Amino acid sequence: MHRHIETLQQLSNKPERLIIGLMSGTSLDGLDVALCKIHGDGLQSKVELLEFTTVAYDDTYRRLIRDIFSRRDVDLQQVCLLNPWIGTLHGEMILDCLKTWQRQPQEIDLIASHGQTIFHAPKSLHGVTAMPNATLQIGDGDHVAVKTGIITISDFRQKHIAAGGEGAPLAVYGDFLIFADNQENRVMLNMGGIANFTFLPASLDAQAVFSTDVGTGNTLMDAYVQKHFTPKTYDADAAIARAGKINPALLGALKAHDFFTQGFPKTTGPELFNLDYLARAQVASHTQQLSHEDVMATLNRFSADMIVDALNRCAGALGEYHLYGSGGGVHNPLLMDNIRSQIPQVKVHSTSELGINPDAKEAVLFALLANECVAGGKAQFGNAREGIPSVTMGKISFPD
Ligand SMILES: Nc1ncnc2c1ncn2[C@@H]1O[C@H](COP(=O)(O)OP(=O)(O)OP(=O)(O)O)[C@@H](O)[C@H]1O
Ligand SMILES: CC(=O)N[C@H]1[C@@H]2OC[C@@H](O2)[C@@H](O)[C@@H]1O[C@H](C)C(=O)O
């Protein structure tokens with residue numbers, strides 16, 4: 001037997017595994033690195049988050065990715081070059097984290113690498129009937145494995161698409177395993193660049209669990225700040241949005257898109273929600289002259305309203321529920337106020353109350369998916385129903 005296959009077999013029999021989960025999202029703020037101790041698998045999984053860091057990307061990384069990110073007219077050579085380059089860079093970042101945490105690479109059982117999404121094209125976006133749902137993450141896993149010497153599991157989204165999903169949101173798989181609770185209905189709301197939520201019924205009925213993207217989290221606000229408030233990259237503590245007033249005409253125009261009337265589950269990205277989207281809404285609502293502050297106040301409210309709208313549209317299925325927030329959006333106080341004030345009946349918490357740092361949740365999710373890949377595969381998510389197929393995700397890369 002190949003020694004790495006033997007290692008995998010031993011790993012799968014261990015009571016607990018040390019897994020580094022990585023997430024690099026649409027905000028391009030940095031690489032989230034979560035060192036997790038995962039005990040067991042499937043619905044018996046228990047996660048202890050031992051360490052968490054976001055390694056900030058420098059301007060070069062941001063510029064190189066922005067040149068190709070969610071754009072249809074890219075230099076294909078650059079995409080090809082960035083694929084191994086990002087893999088190696090992420091590997092180096094992990095080695096730096098391990099040094100800081102005073103850990104040796106040999107102690108780590110697995111790396112779970114999401115890679116960098118550069119284009120996400122569900123059918124609802126590309127509209128080409130003969131073509132499937134599609135998504136592309138770069139930062140190849142072989143390069144992460146060779147750089148770190150650690151077996152790496154990567155490219156989780158392709159299996160989901162192959163089995164009938166849109167390649168996202170995958171949050172449902174991890175959320176169900178570690179946050180489902182038989183005492184309360186829970187909604188796990190993540191607000192990164194894009195906002196999504198997972199519904200976890202107290203019945204623990206896998207058929208009733210679902211997950212969906214709902215629209216923008218921070219992506220439009222970030223893009224607007226980066227364009228008009230350089231060198232700021234986001235609206236820290238909503239200082240800019242708080243100085244402005246919501247413009248109802250622009251808000252209405254932002255909401256007037258078919259994406260919001262489509263049923264759930266659905267996925268989206270900055271391929272749809274970008275500055276062109278905003279510009280079209282400004283033209284349609286004759287609001288091109290608005291102050292930057294008013295635009296920001298309106299964008300903030302837009303994210304909140306579409307999150308609340310999606311929650312309310314699902315309200316029949318949700319019943320009474322507790323909302324647990326995660327992702328960078330929980331640090332935007334105006335966004336949180338705009339959500340809370342519209343659903344006063346709902347108790348709003350942070351995932352930190354469930355033992356997981358809200359900034360780390362998505363990286364932890366990928367560690368759980370890697371754990372399932374080597375040791376699980378038994379949890380059922382509703383028998384391949386649309387959007388949540390019961391499949392094992394990820395590709396395995398050996399370090400040599
Ligand atoms: N103090 C703060 N005030 C306002 N916004 C904040 C603050 N801290 C973080 N954010 C927002 O959170 C964003 C980062 O969120 P996060 O890291 O969850 O995104 P991501 O993982 O890249 O996104 P996605 O998961 O959708 O791809 C920042 O770009 C910013 O908009
Ligand atoms: C294609 C892609 O990278 N999508 C991300 C993005 O960020 C949030 C939202 O859009 C979600 O659908 C997804 O990530 C999380 C981790 C998910 O799959 O659950």
# chains A, B, ... in the order shown; residues from 1 in each chain; ligands from 1
$ residues_around --residues "Asp67 of chain A" --least-positions-apart "4" --cutoff "12 Å" --atoms "only C-alpha atoms" --output "PyMOL selection string"
chain A and resi 60-63+71-79+82+118
$ residues_around --residues "segment 181-183 of chain A" --least-positions-apart "3" --cutoff "7 Å" --atoms "only C-alpha atoms" --output "JSON, numbers by chain"
{"A": [202, 203, 204]}
$ write_last_selection --atoms "N, CA and C atoms" --output "CSV table (one decimal), in the first residue's frame"
chain,number,residue,atom,x,y,z
A,202,ALA,N,-34.9,22.4,15.0
A,202,ALA,CA,-34.7,21.7,16.2
A,202,ALA,C,-35.1,20.2,16.1
A,203,SER,N,-35.9,19.9,15.0
A,203,SER,CA,-36.3,18.5,14.8
A,203,SER,C,-35.1,17.7,14.3
A,204,LEU,N,-34.0,18.4,13.9
A,204,LEU,CA,-32.8,17.8,13.4
A,204,LEU,C,-33.1,17.0,12.1
$ residues_near_ligand --ligand "ligand 1" --cutoff "8 Å" --atoms "only C-alpha atoms and all ligand atoms" --output "number ranges by chain"
A: 23-30, 32, 190-195, 217-219, 221-222, 233-238, 269, 326-333, 359, 362
$ write_last_selection --atoms "N, CA, C and O atoms" --output "tab-separated table (two decimals), in the first residue's frame"
chain	number	residue	atom	x	y	z
A	23	MET	N	-9.85	29.60	4.38
A	23	MET	CA	-10.87	30.23	3.54
A	23	MET	C	-10.34	31.57	3.04
A	23	MET	O	-9.80	32.36	3.81
A	24	SER	N	-10.48	31.77	1.75
A	24	SER	CA	-10.13	33.06	1.17
A	24	SER	C	-11.35	33.49	0.39
A	24	SER	O	-11.65	32.93	-0.66
A	25	GLY	N	-12.08	34.45	0.92
A	25	GLY	CA	-13.39	34.76	0.37
A	25	GLY	C	-13.37	35.86	-0.66
A	25	GLY	O	-12.32	36.26	-1.17
A	26	THR	N	-14.57	36.35	-0.94
A	26	THR	CA	-14.73	37.34	-1.99
A	26	THR	C	-14.22	38.72	-1.58
A	26	THR	O	-14.00	39.57	-2.42
A	27	SER	N	-14.02	38.95	-0.27
A	27	SER	CA	-13.58	40.27	0.17
A	27	SER	C	-12.09	40.53	-0.10
A	27	SER	O	-11.64	41.67	-0.03
A	28	LEU	N	-11.34	39.46	-0.36
A	28	LEU	CA	-9.89	39.57	-0.62
A	28	LEU	C	-9.16	40.29	0.50
A	28	LEU	O	-8.17	40.99	0.27
A	29	ASP	N	-9.67	40.15	1.74
A	29	ASP	CA	-9.01	40.82	2.86
A	29	ASP	C	-7.82	40.00	3.35
A	29	ASP	O	-6.82	40.55	3.80
A	30	GLY	N	-7.91	38.70	3.27
A	30	GLY	CA	-6.80	37.87	3.73
A	30	GLY	C	-7.17	36.42	3.73
A	30	GLY	O	-8.30	36.04	3.37
A	32	ASP	N	-8.01	33.27	5.83
A	32	ASP	CA	-8.42	32.82	7.16
A	32	ASP	C	-7.82	31.44	7.42
A	32	ASP	O	-8.01	30.52	6.61
A	190	ASN	N	-24.23	34.07	7.70
A	190	ASN	CA	-22.86	34.52	7.47
A	190	ASN	C	-22.88	35.73	6.54
A	190	ASN	O	-23.49	35.70	5.48
A	191	MET	N	-22.21	36.80	6.96
A	191	MET	CA	-22.16	38.01	6.13
A	191	MET	C	-20.72	38.33	5.77
A	191	MET	O	-20.02	39.05	6.48
A	192	GLY	N	-20.26	37.71	4.70
A	192	GLY	CA	-18.94	38.05	4.15
A	192	GLY	C	-19.18	39.02	3.01
A	192	GLY	O	-19.98	39.96	3.13
A	193	GLY	N	-18.51	38.79	1.87
A	193	GLY	CA	-18.81	39.61	0.70
A	193	GLY	C	-20.27	39.40	0.32
A	193	GLY	O	-21.03	40.34	0.10
A	194	ILE	N	-20.66	38.13	0.30
A	194	ILE	CA	-22.04	37.72	0.01
A	194	ILE	C	-22.64	37.21	1.33
A	194	ILE	O	-21.92	36.68	2.17
A	195	ALA	N	-23.95	37.39	1.48
A	195	ALA	CA	-24.60	36.88	2.70
A	195	ALA	C	-25.30	35.57	2.39
A	195	ALA	O	-25.89	35.41	1.31
A	217	GLY	N	-23.55	40.92	1.21
A	217	GLY	CA	-23.17	41.22	2.57
A	217	GLY	C	-22.41	42.53	2.48
A	217	GLY	O	-23.01	43.62	2.43
A	218	ASN	N	-21.10	42.42	2.34
A	218	ASN	CA	-20.26	43.64	2.29
A	218	ASN	C	-19.74	43.98	0.90
A	218	ASN	O	-19.10	45.01	0.73
A	219	THR	N	-19.98	43.11	-0.09
A	219	THR	CA	-19.22	43.27	-1.34
A	219	THR	C	-19.44	44.61	-2.03
A	219	THR	O	-18.48	45.25	-2.48
A	221	MET	N	-20.56	47.45	-0.63
A	221	MET	CA	-20.03	48.53	0.24
A	221	MET	C	-18.50	48.58	0.11
A	221	MET	O	-17.91	49.65	-0.01
A	222	ASP	N	-17.86	47.40	0.14
A	222	ASP	CA	-16.39	47.36	0.02
A	222	ASP	C	-15.94	47.95	-1.30
A	222	ASP	O	-15.00	48.76	-1.35
A	233	THR	N	-10.35	50.18	2.66
A	233	THR	CA	-10.82	49.00	1.92
A	233	THR	C	-12.24	48.61	2.34
A	233	THR	O	-12.89	47.84	1.67
A	234	TYR	N	-12.71	49.15	3.46
A	234	TYR	CA	-14.09	48.89	3.89
A	234	TYR	C	-14.53	50.00	4.82
A	234	TYR	O	-13.72	50.81	5.28
A	235	ASP	N	-15.82	50.03	5.10
A	235	ASP	CA	-16.42	51.10	5.91
A	235	ASP	C	-16.31	50.73	7.39
A	235	ASP	O	-17.30	50.26	7.99
A	236	ALA	N	-15.12	50.97	7.95
A	236	ALA	CA	-14.87	50.52	9.33
A	236	ALA	C	-15.92	51.11	10.27
A	236	ALA	O	-16.15	52.33	10.30
A	237	ASP	N	-16.56	50.24	11.02
A	237	ASP	CA	-17.60	50.58	12.00
A	237	ASP	C	-18.73	51.41	11.39
A	237	ASP	O	-19.42	52.14	12.10
A	238	ALA	N	-18.89	51.31	10.08
A	238	ALA	CA	-19.98	51.99	9.34
A	238	ALA	C	-19.90	53.51	9.48
A	238	ALA	O	-20.92	54.21	9.37
A	269	GLY	N	-22.72	36.07	-6.49
A	269	GLY	CA	-21.37	36.57	-6.20
A	269	GLY	C	-21.18	37.95	-6.79
A	269	GLY	O	-22.13	38.54	-7.35
A	326	SER	N	-22.23	35.46	11.72
A	326	SER	CA	-20.78	35.25	11.55
A	326	SER	C	-20.34	36.01	10.31
A	326	SER	O	-21.16	36.59	9.59
A	327	GLY	N	-19.01	35.99	10.05
A	327	GLY	CA	-18.47	36.73	8.90
A	327	GLY	C	-18.20	38.18	9.30
A	327	GLY	O	-18.68	38.67	10.34
A	328	GLY	N	-17.45	38.88	8.45
A	328	GLY	CA	-17.03	40.25	8.77
A	328	GLY	C	-18.18	41.21	9.01
A	328	GLY	O	-18.03	42.21	9.72
A	329	GLY	N	-19.34	40.92	8.43
A	329	GLY	CA	-20.50	41.81	8.57
A	329	GLY	C	-20.96	41.98	10.01
A	329	GLY	O	-21.58	43.00	10.34
A	330	VAL	N	-20.64	41.01	10.88
A	330	VAL	CA	-21.08	41.17	12.29
A	330	VAL	C	-20.36	42.35	12.95
A	330	VAL	O	-20.79	42.84	13.98
A	331	HIS	N	-19.24	42.80	12.34
A	331	HIS	CA	-18.50	43.94	12.92
A	331	HIS	C	-19.00	45.28	12.40
A	331	HIS	O	-18.47	46.33	12.75
A	332	ASN	N	-20.00	45.23	11.51
A	332	ASN	CA	-20.57	46.48	10.98
A	332	ASN	C	-21.82	46.80	11.80
A	332	ASN	O	-22.88	46.21	11.61
A	333	PRO	N	-21.70	47.75	12.75
A	333	PRO	CA	-22.81	47.96	13.70
A	333	PRO	C	-24.09	48.44	13.04
A	333	PRO	O	-25.18	48.09	13.47
A	359	ASP	N	-15.40	35.12	12.89
A	359	ASP	CA	-14.53	35.33	11.73
A	359	ASP	C	-13.94	34.02	11.22
A	359	ASP	O	-13.44	33.95	10.10
A	362	GLU	N	-16.16	30.07	8.52
A	362	GLU	CA	-16.08	29.44	7.21
A	362	GLU	C	-14.82	28.57	7.07
A	362	GLU	O	-14.84	27.52	6.45
$ residues_near_ligand --ligand "ligand 2" --cutoff "10 Å" --atoms "only C-alpha atoms and all ligand atoms" --output "number ranges by chain"
A: 23-27, 114-122, 134-137, 156-157, 166-175, 190-198, 211-217, 219, 266-270, 327, 361-366
$ select_by_dssp --residues "segment 18-263 of chain A" --states "helix (DSSP H, G or I)" --output "MDAnalysis selection string"
chainID A and resid 42:44 59:66 76:100 105:107 123:126 141:148 157:162 171:179 219:228 236:242 248:255 258:260
$ residues_around --residues "Cys373 of chain A" --least-positions-apart "4" --cutoff "8 Å" --atoms "only C-alpha atoms" --output "PDB file with N, CA and C atoms, in the first residue's frame"
ATOM      1  N   LEU A 369     -15.272  19.639   6.367  1.00  0.00           N
ATOM      2  CA  LEU A 369     -15.459  18.919   5.102  1.00  0.00           C
ATOM      3  C   LEU A 369     -14.296  17.970   4.850  1.00  0.00           C
ATOM      4  N   GLY A 377     -18.515  10.631   5.753  1.00  0.00           N
ATOM      5  CA  GLY A 377     -19.225  10.107   4.588  1.00  0.00           C
ATOM      6  C   GLY A 377     -20.512   9.394   4.954  1.00  0.00           C
ATOM      7  N   THR A 392     -19.365  13.310  -0.653  1.00  0.00           N
ATOM      8  CA  THR A 392     -18.089  13.623  -0.029  1.00  0.00           C
ATOM      9  C   THR A 392     -17.344  14.576  -0.947  1.00  0.00           C
ATOM     10  N   MET A 393     -16.887  15.697  -0.385  1.00  0.00           N
ATOM     11  CA  MET A 393     -16.261  16.711  -1.239  1.00  0.00           C
ATOM     12  C   MET A 393     -14.764  16.824  -0.995  1.00  0.00           C
ATOM     13  N   GLY A 394     -14.043  17.248  -1.997  1.00  0.00           N
ATOM     14  CA  GLY A 394     -12.610  17.524  -1.855  1.00  0.00           C
ATOM     15  C   GLY A 394     -11.743  16.537  -2.606  1.00  0.00           C
TER      16      GLY A 394
END
$ residues_around --residues "Ser285 of chain A" --least-positions-apart "6" --cutoff "9 Å" --atoms "only C-alpha atoms" --output "ChimeraX atom specification"
/A:249-253
$ closest_residue --among "A:Leu275, A:Ala206, A:Leu22, A:Leu98" --to "Leu177 of chain A" --atoms "only C-alpha atoms"
A:Ala206
